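Engineer: Pasting target-v4.txt here (compact mmCIF, C-alpha atoms):
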# COMPACT_ATOMS: atom_id res chain seq x y z
CA MET A 1 0.00 0.00 0.00
CA SER A 2 1.04 3.63 -0.46
CA THR A 3 1.70 5.47 2.78
CA GLN A 4 2.73 8.96 3.79
CA SER A 5 6.45 9.08 4.46
CA LYS A 6 8.51 10.78 7.15
CA ILE A 7 11.56 10.67 4.86
CA GLU A 8 12.58 14.28 4.31
CA TRP A 9 13.14 14.03 0.55
CA THR A 10 9.91 12.35 -0.50
CA GLU A 11 6.15 12.40 0.22
CA GLN A 12 4.71 8.90 -0.14
CA THR A 13 6.12 5.40 -0.34
CA TRP A 14 4.88 2.82 -2.84
CA ASN A 15 5.92 -0.80 -2.37
CA PRO A 16 4.86 -3.12 -5.22
CA ALA A 17 7.44 -5.51 -3.74
CA VAL A 18 8.78 -5.97 -0.22
CA GLY A 19 11.74 -7.83 1.22
CA CYS A 20 15.40 -7.83 0.26
CA SER A 21 18.84 -9.29 0.99
CA LYS A 22 22.16 -7.73 1.96
CA VAL A 23 24.74 -6.85 -0.69
CA SER A 24 27.15 -4.37 0.93
CA PRO A 25 28.13 -2.74 4.27
CA GLY A 26 25.35 -0.17 4.00
CA CYS A 27 22.86 -3.02 4.45
CA ALA A 28 24.21 -4.17 7.83
CA ASN A 29 21.61 -2.37 9.96
CA CYS A 30 18.79 -2.24 7.43
CA TYR A 31 15.81 -0.28 8.77
CA ALA A 32 13.46 -2.00 6.32
CA GLU A 33 14.38 -5.45 7.62
CA ALA A 34 13.60 -4.49 11.21
CA MET A 35 10.36 -2.81 10.16
CA ALA A 36 9.27 -5.78 8.06
CA LYS A 37 9.68 -8.11 11.02
CA ARG A 38 7.54 -5.81 13.17
CA LEU A 39 4.88 -5.61 10.47
CA GLN A 40 4.92 -9.41 10.14
CA ALA A 41 4.35 -9.75 13.89
CA MET A 42 1.45 -7.30 13.57
CA ARG A 43 0.04 -9.41 10.70
CA VAL A 44 0.04 -6.50 8.26
CA ASN A 45 -0.94 -7.51 4.72
CA GLY A 46 2.07 -7.97 2.47
CA TYR A 47 4.47 -8.95 5.22
CA GLU A 48 3.39 -12.54 5.74
CA ASN A 49 6.91 -13.59 4.68
CA GLY A 50 8.68 -11.01 6.80
CA PHE A 51 11.70 -9.70 4.91
CA ALA A 52 11.77 -12.46 2.31
CA LEU A 53 11.31 -11.05 -1.19
CA SER A 54 7.60 -10.89 -2.05
CA LEU A 55 5.95 -9.44 -5.16
CA LEU A 56 2.66 -7.64 -4.52
CA PRO A 57 1.03 -7.08 -7.92
CA ASN A 58 -2.22 -5.95 -6.30
CA ARG A 59 -0.36 -2.76 -5.32
CA LEU A 60 0.71 -1.87 -8.86
CA VAL A 61 -2.32 0.31 -9.61
CA GLU A 62 -2.18 2.39 -6.41
CA PRO A 63 -0.52 5.52 -7.90
CA LEU A 64 -3.04 5.51 -10.75
CA LYS A 65 -5.83 6.06 -8.24
CA ARG A 66 -4.29 9.29 -6.88
CA ALA A 67 -4.89 12.48 -8.88
CA LYS A 68 -2.94 14.86 -6.65
CA PRO A 69 0.68 15.24 -7.91
CA THR A 70 2.83 13.31 -5.43
CA ILE A 71 6.47 12.35 -4.98
CA TYR A 72 6.71 8.59 -4.48
CA PHE A 73 9.70 6.69 -3.13
CA VAL A 74 9.40 3.33 -4.91
CA ASN A 75 10.14 0.17 -2.93
CA SER A 76 11.25 1.77 0.30
CA MET A 77 10.92 -1.72 1.80
CA SER A 78 12.86 -3.54 -0.92
CA ASP A 79 15.10 -2.99 -3.95
CA LEU A 80 13.29 -2.93 -7.29
CA PHE A 81 16.35 -4.38 -9.01
CA HIS A 82 16.76 -7.28 -6.60
CA GLU A 83 17.90 -10.40 -8.47
CA GLU A 84 14.67 -12.25 -7.58
CA ILE A 85 12.40 -9.65 -9.20
CA PRO A 86 11.80 -10.60 -12.86
CA ASP A 87 12.45 -8.05 -15.60
CA ASP A 88 8.82 -8.37 -16.64
CA TYR A 89 7.64 -7.23 -13.22
CA ILE A 90 10.07 -4.30 -13.23
CA ARG A 91 8.65 -3.28 -16.61
CA GLN A 92 5.16 -3.40 -15.14
CA VAL A 93 6.25 -1.02 -12.38
CA PHE A 94 7.73 1.45 -14.87
CA ASP A 95 4.72 1.14 -17.14
CA VAL A 96 2.59 2.31 -14.20
CA ILE A 97 5.02 5.18 -13.64
CA ARG A 98 4.66 6.18 -17.30
CA ARG A 99 0.86 6.08 -16.98
CA ALA A 100 0.95 8.46 -13.99
CA PRO A 101 2.74 11.55 -15.35
CA GLN A 102 1.25 13.72 -12.62
CA HIS A 103 3.53 12.01 -10.08
CA THR A 104 7.29 11.86 -9.57
CA PHE A 105 8.79 8.46 -8.72
CA GLN A 106 12.15 8.05 -6.97
CA VAL A 107 13.76 4.64 -7.53
CA LEU A 108 16.85 3.85 -5.45
CA THR A 109 19.00 0.72 -5.75
CA LYS A 110 22.25 -0.83 -4.56
CA ARG A 111 22.14 -3.12 -7.60
CA ALA A 112 23.34 -0.48 -10.02
CA GLU A 113 24.70 -2.86 -12.65
CA ARG A 114 21.35 -4.56 -13.08
CA MET A 115 19.55 -1.22 -13.28
CA ALA A 116 21.93 -0.04 -16.02
CA THR A 117 21.48 -3.31 -17.92
CA PHE A 118 17.68 -3.10 -17.67
CA PHE A 119 17.60 0.38 -19.22
CA LYS A 120 19.69 -0.63 -22.22
CA ASP A 121 16.48 -1.73 -23.96
CA TYR A 122 13.84 0.16 -21.99
CA ASP A 123 13.58 3.95 -21.99
CA PRO A 124 13.05 5.34 -18.48
CA PRO A 125 9.94 7.51 -18.07
CA LYS A 126 10.72 11.21 -17.61
CA ASN A 127 8.94 11.24 -14.25
CA ALA A 128 11.21 8.51 -12.87
CA TRP A 129 14.21 9.72 -10.88
CA LEU A 130 16.80 6.96 -10.80
CA GLY A 131 19.37 6.69 -8.02
CA VAL A 132 21.98 4.54 -6.32
CA THR A 133 23.16 4.22 -2.73
CA VAL A 134 26.79 5.16 -2.06
CA GLU A 135 27.92 4.32 1.46
CA ASP A 136 31.67 3.81 1.02
CA GLN A 137 34.47 3.82 -1.54
CA LYS A 138 34.71 0.07 -2.24
CA TYR A 139 31.07 -0.84 -2.82
CA GLY A 140 29.29 2.48 -3.22
CA VAL A 141 31.38 4.79 -5.41
CA PRO A 142 31.58 2.37 -8.39
CA ARG A 143 27.78 2.50 -8.61
CA LEU A 144 28.07 6.08 -9.89
CA ASP A 145 29.57 4.87 -13.17
CA TRP A 146 26.65 2.48 -13.73
CA LEU A 147 24.15 5.24 -12.93
CA ARG A 148 25.75 7.60 -15.44
CA GLN A 149 25.00 5.12 -18.23
CA ILE A 150 21.24 5.50 -17.77
CA PRO A 151 19.45 8.24 -19.76
CA ALA A 152 17.32 9.31 -16.80
CA HIS A 153 15.78 12.76 -16.52
CA ILE A 154 17.10 12.96 -12.96
CA ARG A 155 19.98 10.86 -11.58
CA PHE A 156 20.43 10.98 -7.83
CA VAL A 157 22.62 9.50 -5.12
CA SER A 158 21.68 8.58 -1.56
CA VAL A 159 24.83 8.72 0.56
CA GLU A 160 23.18 7.10 3.55
CA PRO A 161 24.50 5.73 5.72
CA LEU A 162 27.78 7.56 5.05
CA LEU A 163 30.34 5.17 6.55
CA GLU A 164 33.65 6.79 5.61
CA ASP A 165 35.23 9.66 3.72
CA LEU A 166 34.45 9.12 0.04
CA GLY A 167 37.51 10.94 -1.25
CA MET A 168 37.33 12.51 -4.70
CA LEU A 169 34.05 11.98 -6.52
CA ASN A 170 33.05 12.26 -10.16
CA LEU A 171 29.57 13.77 -10.00
CA SER A 172 29.23 14.49 -13.69
CA GLY A 173 25.72 13.63 -14.78
CA ILE A 174 24.55 13.38 -11.17
CA HIS A 175 21.82 15.92 -10.47
CA TRP A 176 21.16 15.39 -6.76
CA VAL A 177 23.11 14.11 -3.76
CA ILE A 178 21.42 13.23 -0.45
CA VAL A 179 23.65 12.69 2.60
CA GLY A 180 22.70 11.21 5.96
CA GLY A 181 24.00 9.40 9.00
CA GLU A 182 22.78 6.04 10.23
CA SER A 183 19.93 5.60 12.73
CA GLY A 184 19.10 2.78 15.10
CA PRO A 185 20.80 1.30 18.17
CA LYS A 186 23.70 -0.20 16.17
CA ALA A 187 24.33 2.93 14.10
CA ARG A 188 27.85 3.67 12.95
CA PRO A 189 29.14 7.25 13.37
CA MET A 190 29.45 9.83 10.61
CA LEU A 191 32.01 12.65 10.79
CA GLN A 192 31.27 16.22 9.74
CA GLU A 193 34.44 16.37 7.62
CA TRP A 194 33.12 13.52 5.47
CA VAL A 195 29.88 15.42 4.86
CA LEU A 196 31.63 18.69 4.07
CA ASN A 197 33.90 16.94 1.58
CA ILE A 198 30.81 15.81 -0.34
CA LYS A 199 29.12 19.19 -0.07
CA ARG A 200 32.21 20.97 -1.42
CA GLN A 201 32.30 18.68 -4.43
CA CYS A 202 28.57 19.13 -5.03
CA ASP A 203 29.12 22.89 -5.09
CA GLU A 204 32.07 22.58 -7.44
CA GLN A 205 30.37 20.12 -9.81
CA ARG A 206 26.90 21.71 -9.60
CA SER A 207 25.02 18.82 -8.06
CA ALA A 208 22.17 19.79 -5.71
CA PHE A 209 23.04 18.94 -2.08
CA PHE A 210 20.49 17.74 0.48
CA PHE A 211 21.50 16.97 4.07
CA LYS A 212 18.98 14.54 5.51
CA GLN A 213 20.11 13.94 9.10
CA TRP A 214 22.94 13.24 11.52
CA GLY A 215 21.22 10.09 12.69
CA ARG A 216 22.19 8.40 15.94
CA TRP A 217 25.55 10.17 16.24
CA GLY A 218 25.60 13.95 16.53
CA VAL A 219 28.05 16.43 15.03
CA ASP A 220 29.74 16.43 18.45
CA GLY A 221 30.39 12.69 18.26
CA LYS A 222 27.86 11.84 20.95
CA LYS A 223 25.21 9.16 20.61
CA ARG A 224 21.61 10.14 21.21
CA ALA A 225 18.16 9.97 19.61
CA LYS A 226 18.27 11.12 15.98
CA LYS A 227 15.63 13.79 16.60
CA GLN A 228 17.90 15.38 19.16
CA ASN A 229 20.80 15.40 16.72
CA GLY A 230 18.62 16.96 14.04
CA ARG A 231 19.70 17.86 10.53
CA LEU A 232 21.57 21.13 10.82
CA LEU A 233 24.93 21.31 9.08
CA GLN A 234 27.05 24.36 9.93
CA GLY A 235 24.02 25.96 11.57
CA ARG A 236 21.46 25.56 8.79
CA THR A 237 19.45 23.05 6.77
CA TRP A 238 20.37 22.09 3.21
CA ASN A 239 17.31 21.12 1.17
CA ALA A 240 18.37 21.67 -2.43
CA VAL A 241 16.77 19.69 -5.24
CA PRO A 242 17.81 19.67 -8.91
CA ALA A 243 17.14 23.08 -10.47
CA HIS A 244 14.99 21.70 -13.28
CA ALA A 245 12.98 19.65 -10.78
CA ALA A 246 12.37 22.35 -8.15
CA ASN A 247 8.65 22.38 -8.95
CA VAL A 248 8.31 18.92 -7.38
CA GLN A 249 10.19 19.74 -4.18
CA LYS A 250 8.56 18.20 -1.12
CA HIS A 251 5.92 20.43 0.37
CA GLY A 252 5.99 21.62 3.96
Kindly return the structure encoded in the file as structure tokens.

Structural biologist:
Amino acid sequence: MSTQSKIEWTEQTWNPAVGCSKVSPGCANCYAEAMAKRLQAMRVNGYENGFALSLLPNRLVEPLKRAKPTIYFVNSMSDLFHEEIPDDYIRQVFDVIRRAPQHTFQVLTKRAERMATFFKDYDPPKNAWLGVTVEDQKYGVPRLDWLRQIPAHIRFVSVEPLLEDLGMLNLSGIHWVIVGGESGPKARPMLQEWVLNIKRQCDEQRSAFFFKQWGRWGVDGKKRAKKQNGRLLQGRTWNAVPAHAANVQKHG
């Protein structure tokens, strides 16, 4: 089902599939896995299998029923390019996206190679923003090269959780960069210098910079609830979106 989201850079979530499996260090403390297990215990429809990959075709039409222009985060509880999701089902998801031009759909994956391969013979809809997660240098940064191959209207990067300094980045063709620290009791710390290194390169390479949160560890290196740590960086919030997509910036 589609639900209103507390994620700062989107409005609603739409999960035509749920469940996933770990592929890199950013997955270690997956929020979706913990949430899926809670929803399974609560006997919520769609989570009968917990965090095992499950296709939910009855949810495909949900965005078509909503007239109000909305920003959807697609598969917040899964990865649309998971190896167990057939290409045909992925095409069905993007066909729905194409049939709902009033909405904007944000698709984020850690399986960047498969996403790039899929779009070699399928043109992405203009209202689909395509992104990859970049959490470290070894696993995350190489995903940028795969993302650049895709002729998406908007290409974005979620640097969350940021687990180390990413060094020098090639952000050519990347329109939007979201940065955030990890939440949850086992969260790993994020240093301000790592964030500022990314922000500087966004400024230099003209990629919009969005700072989502500090997470469990504050700028002072102390562990506390993420709400207490907030999302101020150098005394202010950073909520930029791509210039040619500013008209779909989250309301509020």

Engineer: For segment 55-121 of chain A against segment 4-10 of chain A, with a cut-off of 7 Å and counting only C-alpha atoms, what is the closest atom pair and its distance in Å to one decimal for every residue that makes the cut, ordered by chain and number, as a Markdown table?

Structural biologist:
| residue | atom | partner | partner_atom | distance |
| --- | --- | --- | --- | --- |
| A:Ile71 | CA | A:Thr10 | CA | 5.6 |
| A:Tyr72 | CA | A:Thr10 | CA | 6.3 |
| A:Phe73 | CA | A:Thr10 | CA | 6.2 |

Engineer: With all atoms listed in the file as the atoms that count, which of A:Gly218, A:Gly131, A:Pro86, A:Pro151 lies nearest to Ser183 of chain A?

Structural biologist: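 That would be A:Gly218, the residue with the smallest distance to Ser183 of chain A.
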
Engineer: How would you write as a list in words the residues that get within 8 Å of (27.7, 16.0, -15.0) in the file's frame, counting all atoms listed in the file?

Structural biologist: Leu171, Ser172, Gly173, Ile174, His175, Gln205, Arg206 and Ser207 of chain A

Engineer: Select, from A:Glu33, A:Asp220, A:Glu48, A:Asp145, the residue with the minimum atom-to-atom distance to Val132 of chain A, counting all atoms listed in the file.

Structural biologist: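 Smallest separation from Val132 of chain A among the options: A:Asp145.
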
Engineer: Which one of A:Leu147, A:Ile97, A:Leu108, A:Val157 sits closest to Val241 of chain A if you count all atoms listed in the file?

Structural biologist: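 Nearest candidate to Val241 of chain A out of A:Leu147, A:Ile97, A:Leu108, A:Val157: A:Val157.
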
Engineer: For atom CA of Val177 of chain A and atom CA of Arg155 of chain A, quote the distance in Å rounded to one decimal.

Structural biologist: 9.0 Å

Engineer: From the options A:Val134, A:Ala152, A:Val96, A:Ala32, which residue's atoms come nearest to Glu164 of chain A, counting all atoms listed in the file?

Structural biologist: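 Smallest distance to Glu164 of chain A is found for A:Val134.
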
Engineer: Using all atoms listed in the file, can you list as a list in words the residues within 12 Å of (-1.8, -7.0, -6.8)?

Structural biologist: Met1, Asn15, Pro16, Ala17, Asn45, Gly46, Ser54, Leu55, Leu56, Pro57, Asn58, Arg59, Leu60, Val61, Glu62, Tyr89, Gln92 and Val93 of chain A

Engineer: Those same residues - C-alpha atoms - I'd like them written as a PDB file, in the coordinates of the input.

Structural biologist:
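Done, and the output landed in result_3.pdb:
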ATOM      1  CA  MET A   1       0.000   0.000   0.000  1.00  0.00           C
ATOM      2  CA  ASN A  15       5.920  -0.800  -2.370  1.00  0.00           C
ATOM      3  CA  PRO A  16       4.860  -3.120  -5.220  1.00  0.00           C
ATOM      4  CA  ALA A  17       7.440  -5.510  -3.740  1.00  0.00           C
ATOM      5  CA  ASN A  45      -0.940  -7.510   4.720  1.00  0.00           C
ATOM      6  CA  GLY A  46       2.070  -7.970   2.470  1.00  0.00           C
ATOM      7  CA  SER A  54       7.600 -10.890  -2.050  1.00  0.00           C
ATOM      8  CA  LEU A  55       5.950  -9.440  -5.160  1.00  0.00           C
ATOM      9  CA  LEU A  56       2.660  -7.640  -4.520  1.00  0.00           C
ATOM     10  CA  PRO A  57       1.030  -7.080  -7.920  1.00  0.00           C
ATOM     11  CA  ASN A  58      -2.220  -5.950  -6.300  1.00  0.00           C
ATOM     12  CA  ARG A  59      -0.360  -2.760  -5.320  1.00  0.00           C
ATOM     13  CA  LEU A  60       0.710  -1.870  -8.860  1.00  0.00           C
ATOM     14  CA  VAL A  61      -2.320   0.310  -9.610  1.00  0.00           C
ATOM     15  CA  GLU A  62      -2.180   2.390  -6.410  1.00  0.00           C
ATOM     16  CA  TYR A  89       7.640  -7.230 -13.220  1.00  0.00           C
ATOM     17  CA  GLN A  92       5.160  -3.400 -15.140  1.00  0.00           C
ATOM     18  CA  VAL A  93       6.250  -1.020 -12.380  1.00  0.00           C
TER      19      VAL A  93
END

Engineer: Where does segment 118-192 of chain A meet segment 99-102 of chain A within 9 Å, residue by residue, with the nearest atom pair and distance in Å to one decimal for each, counting all atoms listed in the file, listed by chain and rising number, as CSV?

Structural biologist:
residue,atom,partner,partner_atom,distance
A:Pro125,CA,A:Pro101,CA,8.7
A:Lys126,CA,A:Pro101,CA,8.3
A:Asn127,CA,A:Pro101,CA,6.3

Engineer: Taking only C-alpha atoms into account, which of A:Leu232, A:Ala243, A:Cys20, A:Met168 comes nearest Ala52 of chain A?

Structural biologist: A:Cys20

Engineer: Between A:Met190, A:Lys222, A:Gly180, A:Pro161, which one has atoms that come closest to Asn29 of chain A, using all atoms listed in the file?

Structural biologist: A:Pro161

Engineer: Quick one: pull the distance between atom CA of Pro63 of chain A and atom CA of Gly50 of chain A, Å, one decimal.

Structural biologist: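 Computing it gives 24.0 Å between the two atoms.
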
Engineer: Give me, as a PDB file with C-alpha atoms, keeping the file's coordinate frame, all polymer residues having an atom no more than 9 Å from Arg188 of chain A, counting all atoms listed in the file and skipping those fewer than 4 positions away in the same chain.

Structural biologist:
ATOM      1  CA  PRO A 161      24.500   5.730   5.720  1.00  0.00           C
ATOM      2  CA  LEU A 162      27.780   7.560   5.050  1.00  0.00           C
ATOM      3  CA  LEU A 163      30.340   5.170   6.550  1.00  0.00           C
ATOM      4  CA  GLY A 181      24.000   9.400   9.000  1.00  0.00           C
ATOM      5  CA  GLU A 182      22.780   6.040  10.230  1.00  0.00           C
ATOM      6  CA  SER A 183      19.930   5.600  12.730  1.00  0.00           C
ATOM      7  CA  ARG A 216      22.190   8.400  15.940  1.00  0.00           C
ATOM      8  CA  TRP A 217      25.550  10.170  16.240  1.00  0.00           C
TER       9      TRP A 217
END

Engineer: So the first atom is atom CA of Gly26 of chain A and the second is atom CA of Glu135 of chain A; what is the distance between them in Å, to one decimal place?

Structural biologist: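 A separation of 5.8 Å between them.
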
Engineer: Taking 4 positions as the minimum chain separation for residues in the same chain, which residues sit within 12 Å of Arg114 of chain A when counting all atoms listed in the file? Answer as a ChimeraX atom specification.

Structural biologist: /A:79-87,90,109-110,118-120,132,143,146-147,149-150
